Amino acid sequence: MTHPRTAICPGSFDPITVGHEEIIRRSLKFADRILVAVAHRATQAKQGMFSVEERIQMIREVFTDEPRVEAGDFTGLLVDFARDEGAHLIIRGLRAVSDFEYEFQMALMNRELCADLETVFLTPNVEHSFLSSSLVREVASLGGDVRPFVAPPVLERLRNRFATAGG
Ligand code: COA
């Protein structure tokens, strides 16, 4: 019997956007189970808007139709978390050349820390190549329409935060 192929898609997801969603759904072509892993703030320089619990909840709501996608959080090293989960793949999106250096460094460091772990890079749909969570937060906070950039459950949370997000 072959083992299910588990992939980890790590990030801050503050909040998850349609760009992330697209990458995760496309990864189901080669992974049996995808664990979307929200990194705790202690392991990140960025200060977030939504709590880690809210981010996980939003990811679960976005993927209610897809039992192969799970959401959770992790602290500490990604390689340790991946090992604990029996994952051999890390999935990252490469939106533009500007992402490359950082992603390349992380992939090499992760491989140095754990030789079994492969990082797979997917390119997003070109329409999503400019998208980032911080831009979505900024546009929503200033009353702009973010409906094209986030799924309905995320839009609802943003609307609750900022009364005018998306009209
Ligand atoms: N669509 C839309 N936005 C995307 C995207 C896509 N397909 N792919 C990336 N992004 C955006 C994110 O929204 C985020 O935007 P923001 O900066 O405006 O919030 C940005 O790209 C990059 O964020 P993300 O992909 O979430 O990565 P990160 O840099 O926040 O987190 C970790 C990187 C969590 C994977 C990394 O820090 C880590 O592994 N930490 C654990 C500790 C560890 O092991 N450290 C050693 C690593 S070698």
# chains A, B, ... in the order shown; residues from 1 in each chain; ligands from 1

$ residues_around --residues "A:Phe149" --least-positions-apart "6" --cutoff "12 Å" --atoms "only C-alpha atoms" --output "list in words"
Pro15, Ile16, Thr17, Val18, Gly19, His20, Glu21, Glu22, Glu127, His128, Ser129, Phe130, Leu131, Ser132, Ser133, Ser134, Leu135, Val136, Arg137, Val139, Ala140, Leu155, Leu158, Ala165 and Gly166 of chain A

$ select_by_dssp --residues "chain A" --states "helix (DSSP H, G or I)" --output "MDAnalysis selection string"
chainID A and resid 18:27 41:43 52:62 78:85 97:113 126:128 133:141 152:161

$ select_by_dssp --residues "stretch 21-99 of chain A" --states "strand (DSSP E)" --output "ChimeraX atom specification"
/A:33-39,69-74,89-93

$ write_last_selection --atoms "N, CA, C and O atoms" --output "tab-separated table (two decimals), in the first residue's frame"
chain	number	residue	atom	x	y	z
A	33	ARG	N	-2.85	15.02	0.46
A	33	ARG	CA	-3.32	15.76	1.64
A	33	ARG	C	-2.47	17.02	1.72
A	33	ARG	O	-1.23	16.94	1.62
A	34	ILE	N	-3.12	18.15	1.89
A	34	ILE	CA	-2.35	19.38	2.03
A	34	ILE	C	-2.65	20.00	3.38
A	34	ILE	O	-3.82	20.22	3.73
A	35	LEU	N	-1.62	20.25	4.10
A	35	LEU	CA	-1.76	20.87	5.40
A	35	LEU	C	-1.33	22.33	5.25
A	35	LEU	O	-0.16	22.62	5.00
A	36	VAL	N	-2.30	23.21	5.36
A	36	VAL	CA	-2.00	24.64	5.27
A	36	VAL	C	-1.60	25.08	6.67
A	36	VAL	O	-2.39	24.98	7.62
A	37	ALA	N	-0.35	25.49	6.81
A	37	ALA	CA	0.22	25.69	8.15
A	37	ALA	C	0.49	27.16	8.41
A	37	ALA	O	1.34	27.78	7.75
A	38	VAL	N	-0.23	27.70	9.36
A	38	VAL	CA	-0.07	29.11	9.71
A	38	VAL	C	1.04	29.23	10.75
A	38	VAL	O	0.98	28.62	11.82
A	39	ALA	N	2.05	30.01	10.40
A	39	ALA	CA	3.19	30.18	11.31
A	39	ALA	C	2.82	31.13	12.45
A	39	ALA	O	2.18	32.16	12.22
A	69	VAL	N	-7.78	19.13	2.17
A	69	VAL	CA	-7.04	20.30	2.66
A	69	VAL	C	-7.37	20.52	4.12
A	69	VAL	O	-8.54	20.63	4.50
A	70	GLU	N	-6.35	20.54	4.95
A	70	GLU	CA	-6.52	20.79	6.38
A	70	GLU	C	-5.77	22.06	6.75
A	70	GLU	O	-4.86	22.46	6.04
A	71	ALA	N	-6.14	22.63	7.89
A	71	ALA	CA	-5.43	23.84	8.33
A	71	ALA	C	-5.00	23.67	9.78
A	71	ALA	O	-5.71	23.05	10.58
A	72	GLY	N	-3.84	24.20	10.07
A	72	GLY	CA	-3.33	24.13	11.44
A	72	GLY	C	-2.29	25.21	11.64
A	72	GLY	O	-2.05	26.03	10.74
A	73	ASP	N	-1.69	25.23	12.81
A	73	ASP	CA	-0.65	26.22	13.07
A	73	ASP	C	0.61	25.50	13.50
A	73	ASP	O	0.59	24.30	13.81
A	74	PHE	N	1.70	26.22	13.49
A	74	PHE	CA	2.94	25.63	14.00
A	74	PHE	C	3.84	26.70	14.59
A	74	PHE	O	3.77	27.86	14.22
A	89	LEU	N	6.99	17.25	1.32
A	89	LEU	CA	6.90	18.34	0.35
A	89	LEU	C	6.49	19.64	1.03
A	89	LEU	O	5.58	19.65	1.86
A	90	ILE	N	7.16	20.71	0.62
A	90	ILE	CA	6.74	22.05	1.03
A	90	ILE	C	6.29	22.75	-0.25
A	90	ILE	O	7.00	22.71	-1.26
A	91	ILE	N	5.15	23.38	-0.19
A	91	ILE	CA	4.65	24.09	-1.37
A	91	ILE	C	4.75	25.59	-1.13
A	91	ILE	O	4.30	26.09	-0.09
A	92	ARG	N	5.32	26.28	-2.10
A	92	ARG	CA	5.37	27.73	-2.04
A	92	ARG	C	4.98	28.30	-3.39
A	92	ARG	O	5.25	27.70	-4.43
A	93	GLY	N	4.37	29.47	-3.36
A	93	GLY	CA	4.05	30.15	-4.61
A	93	GLY	C	5.15	31.14	-4.95
A	93	GLY	O	5.69	31.80	-4.06

$ atom_distance --atom1 "atom CA of A:Ala151" --atom2 "atom CA of A:Glu66"
14.4 Å

$ atom_distance --atom1 "atom CA of A:Ile23" --atom2 "atom CA of A:Ala7"
12.1 Å

$ closest_residue --among "A:Val62, A:Val52, A:Leu108, A:Ala115" --to "ligand 1" --atoms "only C-alpha atoms and all ligand atoms"
A:Leu108

$ residues_around --residues "A:Leu113" --least-positions-apart "3" --cutoff "10 Å" --atoms "only C-alpha atoms" --output "list in words"
Leu77, Leu78, Val79, Asp80, Ala107, Leu108, Met109, Asn110, Asp116 and Leu117 of chain A

$ atom_distance --atom1 "atom CA of A:Thr6" --atom2 "atom CA of A:Ala87"
4.8 Å

$ closest_residue --among "A:Ile56, A:Leu122, A:Val150, A:Leu142" --to "A:Lys29" --atoms "only C-alpha atoms"
A:Leu122

$ decode --residues "stretch 107-120 of chain A" --atoms "all heavy atoms" --output "compact mmCIF listing (two decimals), in the first residue's frame"
# COMPACT_ATOMS: atom_id res chain seq x y z
N ALA A 107 14.40 27.64 0.81
CA ALA A 107 14.37 26.25 0.31
C ALA A 107 15.72 25.57 0.58
O ALA A 107 15.77 24.42 1.01
CB ALA A 107 14.05 26.24 -1.18
N LEU A 108 16.80 26.31 0.35
CA LEU A 108 18.13 25.71 0.57
C LEU A 108 18.38 25.46 2.06
O LEU A 108 18.93 24.42 2.44
CB LEU A 108 19.22 26.61 -0.01
CG LEU A 108 19.28 26.66 -1.54
CD1 LEU A 108 20.35 27.65 -1.99
CD2 LEU A 108 19.57 25.29 -2.12
N MET A 109 17.97 26.42 2.88
CA MET A 109 18.14 26.24 4.33
C MET A 109 17.31 25.05 4.82
O MET A 109 17.80 24.21 5.60
CB MET A 109 17.75 27.52 5.07
CG MET A 109 17.83 27.40 6.58
SD MET A 109 19.48 26.94 7.18
CE MET A 109 20.23 28.54 7.33
N ASN A 110 16.08 24.97 4.35
CA ASN A 110 15.23 23.85 4.78
C ASN A 110 15.81 22.52 4.33
O ASN A 110 15.76 21.54 5.07
CB ASN A 110 13.80 24.04 4.25
CG ASN A 110 13.02 25.05 5.08
OD1 ASN A 110 13.26 25.20 6.27
ND2 ASN A 110 12.10 25.75 4.46
N ARG A 111 16.38 22.49 3.15
CA ARG A 111 16.98 21.24 2.69
C ARG A 111 18.23 20.89 3.50
O ARG A 111 18.51 19.74 3.80
CB ARG A 111 17.33 21.31 1.22
CG ARG A 111 17.69 19.93 0.70
CD ARG A 111 18.40 19.99 -0.59
NE ARG A 111 17.51 20.31 -1.68
CZ ARG A 111 17.92 20.90 -2.80
NH1 ARG A 111 19.16 21.25 -2.95
NH2 ARG A 111 17.07 21.13 -3.77
N GLU A 112 18.95 21.93 3.89
CA GLU A 112 20.14 21.73 4.74
C GLU A 112 19.72 21.14 6.09
O GLU A 112 20.38 20.26 6.64
CB GLU A 112 20.81 23.10 4.94
CG GLU A 112 22.19 23.08 5.52
CD GLU A 112 23.22 22.48 4.58
OE1 GLU A 112 23.05 22.57 3.35
OE2 GLU A 112 24.19 21.91 5.11
N LEU A 113 18.60 21.64 6.60
CA LEU A 113 18.11 21.18 7.91
C LEU A 113 17.47 19.80 7.82
O LEU A 113 17.44 19.06 8.81
CB LEU A 113 17.08 22.18 8.46
CG LEU A 113 17.61 23.58 8.81
CD1 LEU A 113 16.45 24.52 9.13
CD2 LEU A 113 18.59 23.53 9.97
N CYS A 114 16.91 19.49 6.66
CA CYS A 114 16.23 18.21 6.51
C CYS A 114 16.33 17.77 5.05
O CYS A 114 15.59 18.27 4.20
CB CYS A 114 14.76 18.35 6.93
SG CYS A 114 13.84 16.83 6.72
N ALA A 115 17.22 16.85 4.78
CA ALA A 115 17.52 16.47 3.38
C ALA A 115 16.34 15.79 2.69
O ALA A 115 16.26 15.79 1.47
CB ALA A 115 18.74 15.56 3.36
N ASP A 116 15.42 15.23 3.47
CA ASP A 116 14.28 14.51 2.89
C ASP A 116 13.21 15.42 2.31
O ASP A 116 12.31 14.97 1.63
CB ASP A 116 13.55 13.71 3.98
CG ASP A 116 14.32 12.47 4.33
OD1 ASP A 116 15.25 12.14 3.60
OD2 ASP A 116 13.96 11.85 5.35
N LEU A 117 13.29 16.67 2.68
CA LEU A 117 12.20 17.59 2.38
C LEU A 117 12.45 18.31 1.06
O LEU A 117 13.51 18.90 0.86
CB LEU A 117 12.14 18.62 3.52
CG LEU A 117 10.84 19.28 3.88
CD1 LEU A 117 9.73 18.27 4.11
CD2 LEU A 117 11.07 20.11 5.14
N GLU A 118 11.47 18.25 0.15
CA GLU A 118 11.61 18.96 -1.12
C GLU A 118 10.68 20.17 -1.13
O GLU A 118 9.53 20.06 -0.69
CB GLU A 118 11.21 18.06 -2.30
CG GLU A 118 12.15 16.90 -2.56
CD GLU A 118 13.55 17.35 -2.99
OE1 GLU A 118 13.72 18.51 -3.42
OE2 GLU A 118 14.47 16.52 -2.87
N THR A 119 11.16 21.28 -1.66
CA THR A 119 10.29 22.45 -1.83
C THR A 119 9.84 22.49 -3.28
O THR A 119 10.66 22.41 -4.19
CB THR A 119 11.03 23.75 -1.48
OG1 THR A 119 11.48 23.67 -0.13
CG2 THR A 119 10.10 24.95 -1.61
N VAL A 120 8.54 22.62 -3.45
CA VAL A 120 7.96 22.70 -4.79
C VAL A 120 7.42 24.12 -4.97
O VAL A 120 6.64 24.60 -4.14
CB VAL A 120 6.81 21.68 -4.95
CG1 VAL A 120 6.14 21.82 -6.31
CG2 VAL A 120 7.32 20.28 -4.76
